[in-house]
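Below is input35.cif, holding mmCIF, N, CA and C atoms.
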```cif
data_protein
loop_
_atom_site.label_atom_id
_atom_site.label_comp_id
_atom_site.auth_asym_id
_atom_site.auth_seq_id
_atom_site.Cartn_x
_atom_site.Cartn_y
_atom_site.Cartn_z
N MET W 1 5.42 -1.68 -7.15
CA MET W 1 6.43 -2.50 -6.51
C MET W 1 7.27 -3.22 -7.56
N LEU W 2 6.66 -3.62 -8.64
CA LEU W 2 7.39 -4.32 -9.69
C LEU W 2 8.50 -3.43 -10.26
N ARG W 3 8.23 -2.16 -10.39
CA ARG W 3 9.23 -1.25 -10.94
C ARG W 3 10.44 -1.16 -10.00
N LYS W 4 10.21 -1.11 -8.69
CA LYS W 4 11.31 -1.05 -7.73
C LYS W 4 12.15 -2.32 -7.79
N LYS W 5 11.48 -3.47 -7.92
CA LYS W 5 12.21 -4.74 -8.00
C LYS W 5 13.06 -4.78 -9.27
N THR W 6 12.48 -4.33 -10.36
CA THR W 6 13.22 -4.33 -11.63
C THR W 6 14.44 -3.43 -11.54
N ILE W 7 14.26 -2.24 -10.98
CA ILE W 7 15.37 -1.31 -10.83
C ILE W 7 16.43 -1.91 -9.91
N SER W 8 16.01 -2.56 -8.83
CA SER W 8 16.95 -3.18 -7.90
C SER W 8 17.75 -4.28 -8.59
N ILE W 9 17.07 -5.11 -9.36
CA ILE W 9 17.75 -6.21 -10.04
C ILE W 9 18.73 -5.67 -11.08
N ILE W 10 18.30 -4.68 -11.85
CA ILE W 10 19.19 -4.08 -12.85
C ILE W 10 20.39 -3.43 -12.16
N GLY W 11 20.16 -2.75 -11.06
CA GLY W 11 21.24 -2.11 -10.32
C GLY W 11 22.25 -3.12 -9.79
N LEU W 12 21.74 -4.23 -9.25
CA LEU W 12 22.65 -5.27 -8.74
C LEU W 12 23.41 -5.95 -9.87
N PHE W 13 22.74 -6.14 -10.99
CA PHE W 13 23.42 -6.73 -12.14
C PHE W 13 24.53 -5.80 -12.63
N GLY W 14 24.22 -4.51 -12.68
CA GLY W 14 25.22 -3.53 -13.08
C GLY W 14 26.39 -3.49 -12.11
N LEU W 15 26.10 -3.60 -10.82
CA LEU W 15 27.17 -3.63 -9.82
C LEU W 15 28.05 -4.86 -10.00
N SER W 16 27.43 -5.99 -10.29
CA SER W 16 28.20 -7.22 -10.54
C SER W 16 29.11 -7.04 -11.75
N LEU W 17 28.59 -6.46 -12.84
CA LEU W 17 29.40 -6.23 -14.03
C LEU W 17 30.55 -5.27 -13.74
N PHE W 18 30.27 -4.25 -12.94
CA PHE W 18 31.31 -3.30 -12.56
C PHE W 18 32.43 -3.99 -11.78
N ILE W 19 32.05 -4.85 -10.84
CA ILE W 19 33.06 -5.57 -10.05
C ILE W 19 33.89 -6.47 -10.95
N VAL W 20 33.24 -7.17 -11.87
CA VAL W 20 33.98 -8.06 -12.77
C VAL W 20 34.92 -7.26 -13.66
N SER W 21 34.45 -6.15 -14.22
CA SER W 21 35.32 -5.35 -15.10
C SER W 21 36.46 -4.71 -14.32
N LEU W 22 36.21 -4.27 -13.09
CA LEU W 22 37.25 -3.71 -12.25
C LEU W 22 38.30 -4.77 -11.91
N ALA W 23 37.82 -5.96 -11.65
CA ALA W 23 38.73 -7.05 -11.31
C ALA W 23 39.59 -7.45 -12.51
N ARG W 24 39.02 -7.43 -13.70
CA ARG W 24 39.79 -7.79 -14.90
C ARG W 24 40.87 -6.76 -15.19
N ALA W 25 40.57 -5.49 -14.85
CA ALA W 25 41.54 -4.43 -15.12
C ALA W 25 42.70 -4.44 -14.12
N SER W 26 42.50 -5.09 -13.00
CA SER W 26 43.58 -5.13 -12.01
C SER W 26 44.09 -6.56 -11.85
N THR W 27 44.86 -6.75 -10.84
CA THR W 27 45.49 -8.07 -10.64
C THR W 27 44.73 -8.91 -9.62
N ILE W 28 43.44 -8.69 -9.49
CA ILE W 28 42.65 -9.46 -8.53
C ILE W 28 42.43 -10.87 -9.09
N SER W 29 42.49 -11.84 -8.21
CA SER W 29 42.36 -13.23 -8.65
C SER W 29 40.93 -13.56 -9.03
N ALA W 30 40.77 -14.62 -9.81
CA ALA W 30 39.44 -15.05 -10.26
C ALA W 30 38.59 -15.50 -9.08
N ALA W 31 39.20 -16.11 -8.07
CA ALA W 31 38.46 -16.56 -6.90
C ALA W 31 37.84 -15.38 -6.15
N LEU W 32 38.58 -14.29 -6.07
CA LEU W 32 38.07 -13.10 -5.40
C LEU W 32 36.92 -12.48 -6.19
N ILE W 33 37.02 -12.51 -7.51
CA ILE W 33 35.93 -12.01 -8.36
C ILE W 33 34.67 -12.81 -8.10
N VAL W 34 34.80 -14.12 -8.07
CA VAL W 34 33.64 -14.99 -7.83
C VAL W 34 33.04 -14.69 -6.46
N GLU W 35 33.90 -14.51 -5.45
CA GLU W 35 33.40 -14.21 -4.12
C GLU W 35 32.61 -12.90 -4.10
N TRP W 36 33.11 -11.86 -4.78
CA TRP W 36 32.41 -10.59 -4.81
C TRP W 36 31.08 -10.69 -5.55
N VAL W 37 31.06 -11.43 -6.63
CA VAL W 37 29.81 -11.61 -7.37
C VAL W 37 28.79 -12.35 -6.50
N ILE W 38 29.25 -13.35 -5.79
CA ILE W 38 28.34 -14.10 -4.89
C ILE W 38 27.81 -13.17 -3.81
N VAL W 39 28.65 -12.35 -3.24
CA VAL W 39 28.22 -11.41 -2.21
C VAL W 39 27.15 -10.46 -2.76
N VAL W 40 27.37 -9.95 -3.95
CA VAL W 40 26.41 -9.02 -4.55
C VAL W 40 25.08 -9.73 -4.83
N VAL W 41 25.14 -10.94 -5.34
CA VAL W 41 23.92 -11.70 -5.64
C VAL W 41 23.15 -12.00 -4.35
N VAL W 42 23.86 -12.44 -3.32
CA VAL W 42 23.19 -12.73 -2.03
C VAL W 42 22.58 -11.45 -1.46
N PHE W 43 23.32 -10.36 -1.54
CA PHE W 43 22.78 -9.08 -1.08
C PHE W 43 21.51 -8.72 -1.85
N GLY W 44 21.53 -8.94 -3.15
CA GLY W 44 20.35 -8.65 -3.96
C GLY W 44 19.15 -9.50 -3.58
N ILE W 45 19.40 -10.77 -3.33
CA ILE W 45 18.31 -11.66 -2.90
C ILE W 45 17.75 -11.21 -1.56
N LEU W 46 18.62 -10.87 -0.63
CA LEU W 46 18.16 -10.38 0.67
C LEU W 46 17.36 -9.09 0.53
N LEU W 47 17.81 -8.20 -0.34
CA LEU W 47 17.09 -6.96 -0.59
C LEU W 47 15.68 -7.23 -1.12
N LEU W 48 15.57 -8.15 -2.05
CA LEU W 48 14.26 -8.51 -2.60
C LEU W 48 13.36 -9.15 -1.54
N LEU W 49 13.95 -9.99 -0.69
CA LEU W 49 13.17 -10.61 0.38
C LEU W 49 12.66 -9.57 1.37
N VAL W 50 13.50 -8.62 1.71
CA VAL W 50 13.08 -7.55 2.62
C VAL W 50 11.95 -6.73 1.99
N GLN W 51 12.07 -6.41 0.71
CA GLN W 51 11.01 -5.67 0.02
C GLN W 51 9.71 -6.47 0.02
N PHE W 52 9.81 -7.78 -0.19
CA PHE W 52 8.63 -8.64 -0.21
C PHE W 52 7.96 -8.65 1.16
N VAL W 53 8.76 -8.81 2.22
CA VAL W 53 8.21 -8.85 3.58
C VAL W 53 7.56 -7.52 3.93
N ILE W 54 8.20 -6.43 3.59
CA ILE W 54 7.62 -5.11 3.87
C ILE W 54 6.29 -4.96 3.14
N GLN W 55 6.24 -5.40 1.90
CA GLN W 55 5.00 -5.32 1.11
C GLN W 55 3.89 -6.14 1.78
N ARG W 56 4.21 -7.34 2.26
CA ARG W 56 3.21 -8.20 2.89
C ARG W 56 2.73 -7.61 4.22
N VAL W 57 3.64 -7.04 4.99
CA VAL W 57 3.27 -6.48 6.28
C VAL W 57 2.38 -5.25 6.10
N LYS W 58 2.66 -4.43 5.10
CA LYS W 58 1.86 -3.24 4.85
C LYS W 58 0.42 -3.58 4.53
N HIS W 59 0.19 -4.67 3.81
CA HIS W 59 -1.14 -5.01 3.33
C HIS W 59 -1.79 -6.13 4.11
N LYS W 60 -1.19 -6.53 5.22
CA LYS W 60 -1.77 -7.61 6.01
C LYS W 60 -3.00 -7.09 6.75
N PRO W 61 -4.15 -7.76 6.55
CA PRO W 61 -5.35 -7.28 7.22
C PRO W 61 -5.26 -7.49 8.73
N ILE W 62 -5.84 -6.56 9.47
CA ILE W 62 -5.86 -6.69 10.93
C ILE W 62 -7.00 -7.63 11.29
N LYS W 63 -6.69 -8.65 12.03
CA LYS W 63 -7.71 -9.61 12.43
C LYS W 63 -8.23 -9.27 13.81
N VAL W 64 -9.53 -9.20 13.92
CA VAL W 64 -10.17 -8.97 15.21
C VAL W 64 -10.49 -10.33 15.80
N GLN W 65 -10.04 -10.56 16.99
CA GLN W 65 -10.28 -11.85 17.65
C GLN W 65 -11.67 -11.87 18.25
N ALA W 66 -12.13 -13.07 18.58
CA ALA W 66 -13.49 -13.25 19.07
C ALA W 66 -13.74 -12.45 20.35
N ASN W 67 -12.73 -12.29 21.18
CA ASN W 67 -12.94 -11.59 22.43
C ASN W 67 -13.12 -10.08 22.24
N HIS W 68 -12.97 -9.58 21.02
CA HIS W 68 -13.22 -8.17 20.75
C HIS W 68 -14.69 -7.92 20.46
N LEU W 69 -15.44 -8.95 20.30
CA LEU W 69 -16.88 -8.80 20.14
C LEU W 69 -17.50 -8.85 21.53
N ASN W 70 -18.41 -7.92 21.77
CA ASN W 70 -19.06 -7.98 23.08
C ASN W 70 -20.07 -9.12 23.09
N PRO W 71 -20.54 -9.52 24.26
CA PRO W 71 -21.45 -10.69 24.33
C PRO W 71 -22.69 -10.55 23.47
N ARG W 72 -23.25 -9.33 23.40
CA ARG W 72 -24.46 -9.15 22.61
C ARG W 72 -24.16 -9.30 21.11
N GLU W 73 -23.00 -8.81 20.68
CA GLU W 73 -22.60 -8.97 19.28
C GLU W 73 -22.41 -10.45 18.96
N ASN W 74 -21.85 -11.21 19.91
CA ASN W 74 -21.72 -12.65 19.71
C ASN W 74 -23.09 -13.30 19.55
N ASP W 75 -24.06 -12.86 20.37
CA ASP W 75 -25.42 -13.40 20.27
C ASP W 75 -26.03 -13.08 18.91
N VAL W 76 -25.87 -11.83 18.49
CA VAL W 76 -26.43 -11.41 17.19
C VAL W 76 -25.78 -12.20 16.06
N LEU W 77 -24.46 -12.37 16.14
CA LEU W 77 -23.74 -13.11 15.10
C LEU W 77 -24.26 -14.55 15.02
N LEU W 78 -24.47 -15.17 16.15
CA LEU W 78 -24.99 -16.54 16.17
C LEU W 78 -26.38 -16.61 15.55
N LEU W 79 -27.22 -15.65 15.86
CA LEU W 79 -28.58 -15.65 15.29
C LEU W 79 -28.57 -15.31 13.80
N ILE W 80 -27.63 -14.48 13.37
CA ILE W 80 -27.48 -14.24 11.93
C ILE W 80 -27.13 -15.55 11.24
N SER W 81 -26.29 -16.35 11.88
CA SER W 81 -25.89 -17.63 11.27
C SER W 81 -27.06 -18.59 11.15
N GLU W 82 -28.08 -18.37 11.96
CA GLU W 82 -29.28 -19.20 11.87
C GLU W 82 -30.24 -18.68 10.79
N GLY W 83 -29.88 -17.54 10.17
CA GLY W 83 -30.68 -17.00 9.08
C GLY W 83 -31.83 -16.11 9.51
N LEU W 84 -31.80 -15.63 10.76
CA LEU W 84 -32.89 -14.79 11.25
C LEU W 84 -32.76 -13.36 10.73
N THR W 85 -33.90 -12.70 10.58
CA THR W 85 -33.93 -11.29 10.19
C THR W 85 -33.66 -10.43 11.42
N ASN W 86 -33.44 -9.14 11.20
CA ASN W 86 -33.22 -8.23 12.33
C ASN W 86 -34.40 -8.24 13.30
N LYS W 87 -35.60 -8.26 12.74
CA LYS W 87 -36.79 -8.26 13.58
C LYS W 87 -36.88 -9.54 14.41
N GLN W 88 -36.59 -10.68 13.79
CA GLN W 88 -36.62 -11.96 14.52
C GLN W 88 -35.53 -12.00 15.60
N ILE W 89 -34.36 -11.45 15.29
CA ILE W 89 -33.27 -11.40 16.28
C ILE W 89 -33.69 -10.53 17.46
N GLY W 90 -34.29 -9.37 17.16
CA GLY W 90 -34.77 -8.48 18.22
C GLY W 90 -35.78 -9.16 19.11
N THR W 91 -36.71 -9.89 18.51
CA THR W 91 -37.72 -10.61 19.29
C THR W 91 -37.06 -11.66 20.17
N ARG W 92 -36.12 -12.42 19.61
CA ARG W 92 -35.44 -13.48 20.35
C ARG W 92 -34.62 -12.92 21.52
N LEU W 93 -33.99 -11.76 21.31
CA LEU W 93 -33.12 -11.19 22.35
C LEU W 93 -33.82 -10.13 23.21
N HIS W 94 -35.09 -9.86 22.91
CA HIS W 94 -35.89 -8.87 23.65
C HIS W 94 -35.27 -7.48 23.56
N ILE W 95 -34.88 -7.10 22.34
CA ILE W 95 -34.37 -5.75 22.07
C ILE W 95 -35.05 -5.24 20.80
N SER W 96 -34.96 -3.93 20.57
CA SER W 96 -35.61 -3.36 19.39
C SER W 96 -34.85 -3.70 18.11
N GLU W 97 -35.56 -3.58 17.00
CA GLU W 97 -34.95 -3.85 15.70
C GLU W 97 -33.82 -2.86 15.41
N SER W 98 -33.99 -1.60 15.83
CA SER W 98 -32.94 -0.61 15.59
C SER W 98 -31.68 -0.93 16.41
N THR W 99 -31.84 -1.50 17.59
CA THR W 99 -30.68 -1.91 18.39
C THR W 99 -29.96 -3.07 17.70
N VAL W 100 -30.73 -3.97 17.13
CA VAL W 100 -30.14 -5.09 16.38
C VAL W 100 -29.33 -4.53 15.20
N LYS W 101 -29.90 -3.54 14.50
CA LYS W 101 -29.19 -2.93 13.37
C LYS W 101 -27.87 -2.33 13.82
N LYS W 102 -27.86 -1.70 14.98
CA LYS W 102 -26.63 -1.12 15.51
C LYS W 102 -25.59 -2.21 15.80
N HIS W 103 -26.05 -3.32 16.37
CA HIS W 103 -25.13 -4.43 16.64
C HIS W 103 -24.59 -5.03 15.33
N VAL W 104 -25.45 -5.16 14.34
CA VAL W 104 -25.03 -5.70 13.05
C VAL W 104 -24.00 -4.77 12.40
N THR W 105 -24.25 -3.47 12.45
CA THR W 105 -23.31 -2.50 11.90
C THR W 105 -21.96 -2.60 12.62
N SER W 106 -22.00 -2.73 13.92
CA SER W 106 -20.77 -2.86 14.70
C SER W 106 -20.02 -4.14 14.33
N LEU W 107 -20.78 -5.22 14.15
CA LEU W 107 -20.17 -6.49 13.72
C LEU W 107 -19.48 -6.33 12.37
N PHE W 108 -20.17 -5.72 11.43
CA PHE W 108 -19.59 -5.52 10.09
C PHE W 108 -18.28 -4.74 10.18
N THR W 109 -18.28 -3.69 11.01
CA THR W 109 -17.07 -2.87 11.17
C THR W 109 -15.93 -3.69 11.77
N LYS W 110 -16.22 -4.41 12.84
CA LYS W 110 -15.18 -5.18 13.52
C LYS W 110 -14.65 -6.33 12.67
N LEU W 111 -15.52 -6.92 11.87
CA LEU W 111 -15.11 -8.05 11.03
C LEU W 111 -14.59 -7.60 9.66
N GLY W 112 -14.86 -6.36 9.30
CA GLY W 112 -14.44 -5.88 8.00
C GLY W 112 -15.32 -6.42 6.88
N ALA W 113 -16.60 -6.57 7.17
CA ALA W 113 -17.54 -7.14 6.21
C ALA W 113 -18.52 -6.08 5.72
N LYS W 114 -19.13 -6.38 4.57
CA LYS W 114 -20.14 -5.46 4.01
C LYS W 114 -21.53 -6.10 4.00
N ARG W 115 -21.56 -7.42 4.07
CA ARG W 115 -22.84 -8.14 4.02
C ARG W 115 -22.86 -9.22 5.09
N ARG W 116 -24.03 -9.72 5.40
CA ARG W 116 -24.18 -10.77 6.41
C ARG W 116 -23.40 -12.04 6.03
N THR W 117 -23.53 -12.43 4.76
CA THR W 117 -22.84 -13.66 4.35
C THR W 117 -21.33 -13.50 4.46
N GLU W 118 -20.83 -12.32 4.13
CA GLU W 118 -19.39 -12.07 4.24
C GLU W 118 -18.97 -12.09 5.71
N ALA W 119 -19.79 -11.51 6.58
CA ALA W 119 -19.49 -11.51 8.02
C ALA W 119 -19.42 -12.94 8.55
N LEU W 120 -20.34 -13.77 8.10
CA LEU W 120 -20.34 -15.17 8.54
C LEU W 120 -19.12 -15.92 8.03
N GLN W 121 -18.73 -15.67 6.79
CA GLN W 121 -17.53 -16.32 6.25
C GLN W 121 -16.30 -15.92 7.05
N ILE W 122 -16.17 -14.64 7.34
CA ILE W 122 -15.01 -14.15 8.11
C ILE W 122 -15.03 -14.75 9.51
N ALA W 123 -16.20 -14.76 10.12
CA ALA W 123 -16.31 -15.31 11.48
C ALA W 123 -15.94 -16.78 11.51
N ARG W 124 -16.38 -17.54 10.51
CA ARG W 124 -16.02 -18.97 10.45
C ARG W 124 -14.52 -19.15 10.25
N SER W 125 -13.93 -18.34 9.37
CA SER W 125 -12.50 -18.47 9.10
C SER W 125 -11.67 -18.11 10.32
N ARG W 126 -12.21 -17.30 11.22
CA ARG W 126 -11.49 -16.91 12.43
C ARG W 126 -11.83 -17.78 13.62
N GLY W 127 -12.64 -18.79 13.39
CA GLY W 127 -12.94 -19.76 14.45
C GLY W 127 -14.01 -19.33 15.43
N TYR W 128 -14.90 -18.43 15.03
CA TYR W 128 -15.97 -17.99 15.92
C TYR W 128 -17.03 -19.08 16.09
N PHE W 129 -17.12 -19.98 15.10
CA PHE W 129 -18.12 -21.05 15.13
C PHE W 129 -17.42 -22.39 15.10
N CYS W 130 -18.04 -23.36 15.72
CA CYS W 130 -17.57 -24.74 15.58
C CYS W 130 -18.47 -25.41 14.57
N ASP W 131 -17.85 -25.90 13.48
CA ASP W 131 -18.67 -26.55 12.44
C ASP W 131 -18.98 -27.98 12.81
#
```
Using structure tokens, write down the structure from this file.
Amino acid sequence: MLRKKTISIIGLFGLSLFIVSLARASTISAALIVEWVIVVVVFGILLLLVQFVIQRVKHKPIKVQANHLNPRENDVLLLISEGLTNKQIGTRLHISESTVKKHVTSLFTKLGAKRRTEALQIARSRGYFCD
């Protein structure tokens, strides 16, 4: 992205110089030259802003809201926050340990996490818990 910005800036600078040299060679007034240079500079700034916004939108992470977690996943997430193991969570919810593992895997996928602590951090940042 830096290379595109550099090329854009150099191109706009070159266009500004071209306009100034063209204006000097003809009978265009100095005020008109200034206006054209301002137009080119503003256009360049807008171009850079558009590139920046496009870059941010492309890399913006998709946030999963709390209502995308099913009730059982919410229960598992809450028990993970209490520091329980999969076996303890299964006992508390009256489900097998392998079912708990499936819920945990689903939670990680939906939250974009790789570990329990990361899942809890993401969940807190999205307002899943009241501190």
Given all atoms listed in the file as the counted atoms, nearest of W:Arg115, W:Asn86, W:Ile80, W:Ala123 to Lys101 (chain W): W:Asn86
Exercise: Ile122 (chain W) partners within 10 Å, only C-alpha atoms, chain neighbours under 6 positions left out, as a list in words: Lys63, Phe108, Leu111, Gly112, Ala113, Arg116 and Tyr128 of chain W
Next, dump the selected residues to file, keeping only N, CA and C atoms, as a PDB file, keeping the file's coordinate frame.
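Heads up, here's the output in out-v8.pdb:
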```pdb
ATOM      1  N   LYS W  63      -6.690  -8.650  12.030  1.00  0.00           N
ATOM      2  CA  LYS W  63      -7.710  -9.610  12.430  1.00  0.00           C
ATOM      3  C   LYS W  63      -8.230  -9.270  13.810  1.00  0.00           C
ATOM      4  N   PHE W 108     -20.170  -5.720  11.430  1.00  0.00           N
ATOM      5  CA  PHE W 108     -19.590  -5.520  10.090  1.00  0.00           C
ATOM      6  C   PHE W 108     -18.280  -4.740  10.180  1.00  0.00           C
ATOM      7  N   LEU W 111     -15.520  -6.920  11.870  1.00  0.00           N
ATOM      8  CA  LEU W 111     -15.110  -8.050  11.030  1.00  0.00           C
ATOM      9  C   LEU W 111     -14.590  -7.600   9.660  1.00  0.00           C
ATOM     10  N   GLY W 112     -14.860  -6.360   9.300  1.00  0.00           N
ATOM     11  CA  GLY W 112     -14.440  -5.880   8.000  1.00  0.00           C
ATOM     12  C   GLY W 112     -15.320  -6.420   6.880  1.00  0.00           C
ATOM     13  N   ALA W 113     -16.600  -6.570   7.170  1.00  0.00           N
ATOM     14  CA  ALA W 113     -17.540  -7.140   6.210  1.00  0.00           C
ATOM     15  C   ALA W 113     -18.520  -6.080   5.720  1.00  0.00           C
ATOM     16  N   ARG W 116     -24.030  -9.720   5.400  1.00  0.00           N
ATOM     17  CA  ARG W 116     -24.180 -10.770   6.410  1.00  0.00           C
ATOM     18  C   ARG W 116     -23.400 -12.040   6.030  1.00  0.00           C
ATOM     19  N   TYR W 128     -14.900 -18.430  15.030  1.00  0.00           N
ATOM     20  CA  TYR W 128     -15.970 -17.990  15.920  1.00  0.00           C
ATOM     21  C   TYR W 128     -17.030 -19.080  16.090  1.00  0.00           C
TER      22      TYR W 128
END
```
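One finds CA of Val104 (chain W) at 12.1 Å from CA of Ser81 (chain W).
What separates CA of Glu82 (chain W) from CA of Lys102 (chain W) is a distance of 18.6 Å.
Using only N, CA and C atoms, the nearest neighbour of Ile89 (chain W) within the list W:Val76, W:Leu69, W:Val42, W:Val37 is W:Val76.
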Atomic distance CA of Gly127 (chain W) - CA of Leu93 (chain W), expressed in Å with one decimal: 23.3 Å
